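Please read the structure below before turning to the comments.
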Amino acid sequence: MDDDRALPNWGKEIRNETPFLFGILTLAVFLSLGNSWHVSHSQELVRAGIFVLLLAIVLYCIFGVVRHADRLAEILGEPLGTLILTISVTVIEVSLISAVMFEGISDPTLARETMFAVVMIMLNGMVGLALLAGGFRHIQQEYNLEGARAYLAVLIPLAVVALILPNWTTSTASGTMSLAQTVFFSVATVMLYGVFLALQTMRHRGFFLEPTLLAEQLQAEKPEVPPAPPVDRRRAVTWHAAMLFLTMVPIVGLADYLAVIVEHGLNELNIPTAIGGILIAGLILAPESITALEAALANRLQRSINLCLGSALATLALTVPFVLMIGLVTGTEIKLGLDHENGVLLMLTILVSMLTFGGGRTNMLQGAVHILLFMSFILLIFSP
């Protein structure tokens, strides 16, 4: 039996928690230094070194969070495992964006650029890479059509309302939302996501399982692999859930220090805001992207789709409302409406995604199309 289910060796488990230990130690050092760590503007090499250190520690901690989410996935099964990972990554995303906003960055589009980068990385970059790599190895891959349609049914309206509609409203300046629009959109979005989660985890849980598992789980897997004893199972869930939460603490704490350097880079080095958004999004999504790619290569395309579409959906359903609420509380203007070229690219991504997930199988060609859209997204940053 997997020792992650029964957890008989607590010493081994503690040794596996080096991401948490490194993270909490680094956070303690920065807290003890106060503001003295923030070197003068003339010491750019020192600042760059601190940035690389913080980036590495935060990324290491994120991988630690993913490890515990994966263990919970093994115990609880799909789609709960993928959902736990998606929600954990969303919390990290919100903490990083919030830290940057509270540092007082004057650009009202940074949150938008970060969230749009998440959507484009997952819907085009990772979907394309997963389909391309999976198609190369397995020729064609199957997924659960009902699950993909459920994701798109919620994702499409939220993407259009959050990132395109604000450019066409007249109550406020272009790209922003009024108080009434902000409150209505935030409440309605969270409620809609709640309905989706109920469908995903209870009534239609089978929509989000690998097609081959729907019958096999009932007929073969359960008799051959009996579940862990209830006590051991509860202990394993408690351990991994607690450590997942604790490993997120240094990420949230170090996000504020990372935000200071990001703010300096954007303001002082004249870096495009979109680059800052991609940097934050790439940091957040790195472990989830690796997991999605590994799943596609292992011919578990449904898990890959759950991660890619689920991450984009969680950003639109949870991060956008939270950022809007922070904007209201702090009086910060949040501009969500995309520029015209990015708006067209988003609509094209939606159309292509509907075609990609309109059947029951995928191949390399569909992956290549999504990769082309992602490369177009990168090109438009430098040549709008």
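Within each chain, counting starts at residue 1; across the structure tokens, chains are named A, B, ... in the order shown, with ligands numbered 1 upward in that order.
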Using only C-alpha atoms, determine which residues lie at most 6 Å from stretch 369-383 of chain A, disregarding the query and same-chain residues fewer than 2 positions distant; provide the list as an MDAnalysis selection string.
chainID A and resid 124:125 128 366:367
Close residues, A:Glu93 itself excluded, 9 Å, only C-alpha atoms, min 3 positions apart in chain, as number ranges by chain:
A: 88-90, 96-98, 114-115, 280-281, 284-285, 315, 319
Identify all residues of stretch 98-327 of chain A in alpha helix (DSSP H) (DSSP on the backbone) and supply them as a PDB file with C-alpha atoms, in the first residue's frame.
ATOM      1  CA  SER A  98      -3.030  41.319  -4.613  1.00  0.00           C
ATOM      2  CA  ALA A  99       0.514  41.861  -3.349  1.00  0.00           C
ATOM      3  CA  VAL A 100       1.442  43.684  -6.539  1.00  0.00           C
ATOM      4  CA  MET A 101      -1.729  45.818  -6.348  1.00  0.00           C
ATOM      5  CA  PHE A 102      -1.162  46.730  -2.688  1.00  0.00           C
ATOM      6  CA  LEU A 110      -1.519  44.722 -14.601  1.00  0.00           C
ATOM      7  CA  ALA A 111      -4.205  42.509 -13.054  1.00  0.00           C
ATOM      8  CA  ARG A 112      -5.903  42.218 -16.446  1.00  0.00           C
ATOM      9  CA  GLU A 113      -2.662  41.337 -18.202  1.00  0.00           C
ATOM     10  CA  THR A 114      -1.905  38.652 -15.607  1.00  0.00           C
ATOM     11  CA  MET A 115      -5.337  37.066 -15.864  1.00  0.00           C
ATOM     12  CA  PHE A 116      -5.346  37.264 -19.663  1.00  0.00           C
ATOM     13  CA  ALA A 117      -1.894  35.666 -19.684  1.00  0.00           C
ATOM     14  CA  VAL A 118      -3.241  32.793 -17.549  1.00  0.00           C
ATOM     15  CA  VAL A 119      -6.112  32.269 -19.995  1.00  0.00           C
ATOM     16  CA  MET A 120      -3.841  32.356 -23.068  1.00  0.00           C
ATOM     17  CA  VAL A 127      -3.652  22.885 -24.518  1.00  0.00           C
ATOM     18  CA  GLY A 128      -1.603  23.118 -27.721  1.00  0.00           C
ATOM     19  CA  LEU A 129       1.491  21.542 -26.187  1.00  0.00           C
ATOM     20  CA  ALA A 130      -0.524  18.753 -24.538  1.00  0.00           C
ATOM     21  CA  LEU A 131      -2.408  17.900 -27.740  1.00  0.00           C
ATOM     22  CA  LEU A 132       0.766  18.131 -29.822  1.00  0.00           C
ATOM     23  CA  ALA A 133       2.842  15.926 -27.499  1.00  0.00           C
ATOM     24  CA  GLY A 134      -0.008  13.507 -26.799  1.00  0.00           C
ATOM     25  CA  GLY A 135      -0.897  13.233 -30.483  1.00  0.00           C
ATOM     26  CA  PHE A 136       2.723  12.611 -31.429  1.00  0.00           C
ATOM     27  CA  ARG A 137       2.988   9.738 -28.955  1.00  0.00           C
ATOM     28  CA  HIS A 138      -0.509   8.241 -29.163  1.00  0.00           C
ATOM     29  CA  LEU A 145     -16.900  15.341 -24.350  1.00  0.00           C
ATOM     30  CA  GLU A 146     -19.511  16.296 -21.733  1.00  0.00           C
ATOM     31  CA  GLY A 147     -16.805  17.506 -19.343  1.00  0.00           C
ATOM     32  CA  ALA A 148     -15.072  19.690 -21.926  1.00  0.00           C
ATOM     33  CA  ARG A 149     -18.417  21.180 -22.973  1.00  0.00           C
ATOM     34  CA  ALA A 150     -19.263  21.946 -19.347  1.00  0.00           C
ATOM     35  CA  TYR A 151     -16.003  23.860 -18.940  1.00  0.00           C
ATOM     36  CA  LEU A 152     -16.534  25.838 -22.152  1.00  0.00           C
ATOM     37  CA  ALA A 153     -20.191  26.561 -21.358  1.00  0.00           C
ATOM     38  CA  VAL A 154     -19.106  28.478 -18.246  1.00  0.00           C
ATOM     39  CA  LEU A 155     -15.736  29.743 -19.458  1.00  0.00           C
ATOM     40  CA  ILE A 156     -16.955  31.440 -22.661  1.00  0.00           C
ATOM     41  CA  PRO A 157     -19.544  33.827 -21.132  1.00  0.00           C
ATOM     42  CA  LEU A 158     -17.254  34.703 -18.223  1.00  0.00           C
ATOM     43  CA  ALA A 159     -14.366  35.507 -20.591  1.00  0.00           C
ATOM     44  CA  VAL A 160     -16.526  37.739 -22.784  1.00  0.00           C
ATOM     45  CA  VAL A 161     -18.238  39.534 -19.880  1.00  0.00           C
ATOM     46  CA  ALA A 162     -15.003  40.091 -17.933  1.00  0.00           C
ATOM     47  CA  LEU A 163     -12.498  40.891 -20.681  1.00  0.00           C
ATOM     48  CA  LEU A 179     -19.972  49.818  -8.866  1.00  0.00           C
ATOM     49  CA  ALA A 180     -23.264  48.141  -9.812  1.00  0.00           C
ATOM     50  CA  GLN A 181     -21.604  46.181 -12.620  1.00  0.00           C
ATOM     51  CA  THR A 182     -18.738  45.112 -10.350  1.00  0.00           C
ATOM     52  CA  VAL A 183     -21.012  43.858  -7.573  1.00  0.00           C
ATOM     53  CA  PHE A 184     -23.407  42.084  -9.953  1.00  0.00           C
ATOM     54  CA  PHE A 185     -20.641  40.453 -11.991  1.00  0.00           C
ATOM     55  CA  SER A 186     -18.726  39.313  -8.914  1.00  0.00           C
ATOM     56  CA  VAL A 187     -21.744  37.779  -7.175  1.00  0.00           C
ATOM     57  CA  ALA A 188     -23.163  36.196 -10.349  1.00  0.00           C
ATOM     58  CA  THR A 189     -19.765  34.782 -11.322  1.00  0.00           C
ATOM     59  CA  VAL A 190     -19.124  33.143  -7.956  1.00  0.00           C
ATOM     60  CA  MET A 191     -22.658  31.698  -7.922  1.00  0.00           C
ATOM     61  CA  LEU A 192     -22.255  30.298 -11.435  1.00  0.00           C
ATOM     62  CA  TYR A 193     -18.927  28.744 -10.472  1.00  0.00           C
ATOM     63  CA  GLY A 194     -20.613  27.234  -7.430  1.00  0.00           C
ATOM     64  CA  VAL A 195     -23.196  25.576  -9.689  1.00  0.00           C
ATOM     65  CA  PHE A 196     -20.383  24.269 -11.877  1.00  0.00           C
ATOM     66  CA  LEU A 197     -18.529  22.835  -8.860  1.00  0.00           C
ATOM     67  CA  ALA A 198     -21.698  21.078  -7.701  1.00  0.00           C
ATOM     68  CA  LEU A 213     -12.427   4.763 -16.350  1.00  0.00           C
ATOM     69  CA  LEU A 214     -16.185   5.096 -16.249  1.00  0.00           C
ATOM     70  CA  ALA A 215     -16.644   1.329 -16.673  1.00  0.00           C
ATOM     71  CA  GLU A 216     -13.251   0.098 -15.442  1.00  0.00           C
ATOM     72  CA  LYS A 222     -12.320  -1.262  -7.068  1.00  0.00           C
ATOM     73  CA  PRO A 223     -12.224  -5.027  -6.400  1.00  0.00           C
ATOM     74  CA  GLU A 224      -8.489  -5.272  -7.144  1.00  0.00           C
ATOM     75  CA  PRO A 230     -10.925   4.798   7.155  1.00  0.00           C
ATOM     76  CA  VAL A 231      -8.574   5.833   9.969  1.00  0.00           C
ATOM     77  CA  ASP A 232      -5.491   5.773   7.731  1.00  0.00           C
ATOM     78  CA  ARG A 233      -7.402   7.525   4.948  1.00  0.00           C
ATOM     79  CA  ARG A 234      -8.536  10.310   7.279  1.00  0.00           C
ATOM     80  CA  ARG A 235      -5.020  10.672   8.627  1.00  0.00           C
ATOM     81  CA  ALA A 236      -3.577  10.926   5.106  1.00  0.00           C
ATOM     82  CA  VAL A 237      -6.161  13.486   4.013  1.00  0.00           C
ATOM     83  CA  THR A 238      -5.570  15.543   7.175  1.00  0.00           C
ATOM     84  CA  TRP A 239      -1.797  15.453   6.762  1.00  0.00           C
ATOM     85  CA  HIS A 240      -1.692  16.442   3.109  1.00  0.00           C
ATOM     86  CA  ALA A 241      -4.447  19.060   3.457  1.00  0.00           C
ATOM     87  CA  ALA A 242      -2.672  20.655   6.426  1.00  0.00           C
ATOM     88  CA  MET A 243       0.722  20.658   4.713  1.00  0.00           C
ATOM     89  CA  LEU A 244      -0.801  22.014   1.492  1.00  0.00           C
ATOM     90  CA  PHE A 245      -2.177  24.945   3.480  1.00  0.00           C
ATOM     91  CA  LEU A 246       1.045  25.475   5.443  1.00  0.00           C
ATOM     92  CA  THR A 247       3.199  25.375   2.292  1.00  0.00           C
ATOM     93  CA  MET A 248       1.050  28.146   0.850  1.00  0.00           C
ATOM     94  CA  VAL A 249       1.830  30.415   3.824  1.00  0.00           C
ATOM     95  CA  PRO A 250       5.415  31.298   2.738  1.00  0.00           C
ATOM     96  CA  ILE A 251       4.176  31.772  -0.857  1.00  0.00           C
ATOM     97  CA  VAL A 252       1.639  34.354   0.257  1.00  0.00           C
ATOM     98  CA  GLY A 253       4.134  35.959   2.639  1.00  0.00           C
ATOM     99  CA  LEU A 254       6.963  36.182   0.093  1.00  0.00           C
ATOM    100  CA  ALA A 255       4.592  37.466  -2.604  1.00  0.00           C
ATOM    101  CA  ASP A 256       4.725  40.941  -1.054  1.00  0.00           C
ATOM    102  CA  TYR A 257       8.530  41.086  -1.302  1.00  0.00           C
ATOM    103  CA  LEU A 258       8.429  39.747  -4.835  1.00  0.00           C
ATOM    104  CA  ALA A 259       5.871  42.422  -5.709  1.00  0.00           C
ATOM    105  CA  VAL A 260       8.251  45.195  -4.628  1.00  0.00           C
ATOM    106  CA  ILE A 261      10.849  44.078  -7.166  1.00  0.00           C
ATOM    107  CA  VAL A 262       8.248  43.517  -9.887  1.00  0.00           C
ATOM    108  CA  GLU A 263       6.961  47.043  -9.311  1.00  0.00           C
ATOM    109  CA  HIS A 264      10.491  48.439  -9.533  1.00  0.00           C
ATOM    110  CA  GLY A 265      11.156  46.562 -12.766  1.00  0.00           C
ATOM    111  CA  LEU A 266       7.940  47.708 -14.414  1.00  0.00           C
ATOM    112  CA  ASN A 267       8.293  51.343 -13.396  1.00  0.00           C
ATOM    113  CA  GLU A 268      12.040  51.906 -13.548  1.00  0.00           C
ATOM    114  CA  THR A 273       2.970  45.555 -18.346  1.00  0.00           C
ATOM    115  CA  ALA A 274       2.135  42.425 -20.342  1.00  0.00           C
ATOM    116  CA  ILE A 275       5.622  41.052 -19.602  1.00  0.00           C
ATOM    117  CA  GLY A 276       4.961  41.469 -15.887  1.00  0.00           C
ATOM    118  CA  GLY A 277       1.656  39.678 -16.318  1.00  0.00           C
ATOM    119  CA  ILE A 278       3.290  36.769 -18.149  1.00  0.00           C
ATOM    120  CA  LEU A 279       6.014  36.555 -15.487  1.00  0.00           C
ATOM    121  CA  ILE A 280       3.461  36.243 -12.682  1.00  0.00           C
ATOM    122  CA  ALA A 281       1.243  33.868 -14.684  1.00  0.00           C
ATOM    123  CA  GLY A 282       4.190  31.686 -15.732  1.00  0.00           C
ATOM    124  CA  LEU A 283       5.393  31.411 -12.144  1.00  0.00           C
ATOM    125  CA  ILE A 284       1.943  30.401 -10.937  1.00  0.00           C
ATOM    126  CA  LEU A 285       1.217  27.936 -13.720  1.00  0.00           C
ATOM    127  CA  ALA A 286       4.594  26.172 -14.031  1.00  0.00           C
ATOM    128  CA  PRO A 287       3.821  23.116 -11.850  1.00  0.00           C
ATOM    129  CA  GLU A 288       0.244  22.804 -13.126  1.00  0.00           C
ATOM    130  CA  SER A 289       1.494  23.004 -16.717  1.00  0.00           C
ATOM    131  CA  ILE A 290       4.074  20.263 -16.115  1.00  0.00           C
ATOM    132  CA  THR A 291       1.369  18.059 -14.576  1.00  0.00           C
ATOM    133  CA  ALA A 292      -0.930  18.643 -17.569  1.00  0.00           C
ATOM    134  CA  LEU A 293       1.835  17.767 -20.035  1.00  0.00           C
ATOM    135  CA  GLU A 294       2.766  14.606 -18.135  1.00  0.00           C
ATOM    136  CA  ALA A 295      -0.885  13.547 -18.113  1.00  0.00           C
ATOM    137  CA  ALA A 296      -1.177  14.013 -21.888  1.00  0.00           C
ATOM    138  CA  LEU A 297       1.996  12.000 -22.495  1.00  0.00           C
ATOM    139  CA  LEU A 301      -5.934  13.564 -21.730  1.00  0.00           C
ATOM    140  CA  GLN A 302      -8.993  14.173 -19.556  1.00  0.00           C
ATOM    141  CA  ARG A 303      -6.807  15.080 -16.573  1.00  0.00           C
ATOM    142  CA  SER A 304      -4.826  17.419 -18.818  1.00  0.00           C
ATOM    143  CA  ILE A 305      -8.044  19.065 -20.036  1.00  0.00           C
ATOM    144  CA  ASN A 306      -9.343  19.332 -16.469  1.00  0.00           C
ATOM    145  CA  LEU A 307      -6.166  21.181 -15.481  1.00  0.00           C
ATOM    146  CA  CYS A 308      -5.970  23.512 -18.499  1.00  0.00           C
ATOM    147  CA  LEU A 309      -9.636  24.453 -18.817  1.00  0.00           C
ATOM    148  CA  GLY A 310     -10.153  24.341 -15.059  1.00  0.00           C
ATOM    149  CA  SER A 311      -7.300  26.757 -14.399  1.00  0.00           C
ATOM    150  CA  ALA A 312      -8.562  29.266 -16.982  1.00  0.00           C
ATOM    151  CA  LEU A 313     -12.088  28.968 -15.595  1.00  0.00           C
ATOM    152  CA  ALA A 314     -10.977  29.429 -11.975  1.00  0.00           C
ATOM    153  CA  VAL A 320     -11.473  38.452 -11.437  1.00  0.00           C
ATOM    154  CA  PRO A 321     -14.159  39.035  -8.750  1.00  0.00           C
ATOM    155  CA  PHE A 322     -11.537  39.066  -5.992  1.00  0.00           C
ATOM    156  CA  VAL A 323      -9.396  41.604  -7.851  1.00  0.00           C
ATOM    157  CA  LEU A 324     -12.454  43.772  -8.498  1.00  0.00           C
ATOM    158  CA  MET A 325     -13.278  43.712  -4.780  1.00  0.00           C
ATOM    159  CA  ILE A 326      -9.714  44.713  -3.912  1.00  0.00           C
ATOM    160  CA  GLY A 327     -10.033  47.592  -6.364  1.00  0.00           C
TER     161      GLY A 327
END
Can you tell me how far atom CA of A:Gly360 sits from atom CA of A:Leu209, in Å to one decimal?
13.3 Å
Among the residues A:Met364, A:Pro19, A:Pro272, A:Ile334, the one that comes closest to A:Pro384 [using only C-alpha atoms]:
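Between A:Met364, A:Pro19, A:Pro272, A:Ile334, the residue approaching A:Pro384 most closely is A:Pro272.
The two atoms in question, atom CA of A:Arg300 and atom CA of A:Gln200, are spaced 17.9 Å apart.
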So the first atom is atom CA of A:Phe207 and the second is atom CA of A:Ile139; what is the distance between them in Å, to one decimal place?
23.2 Å
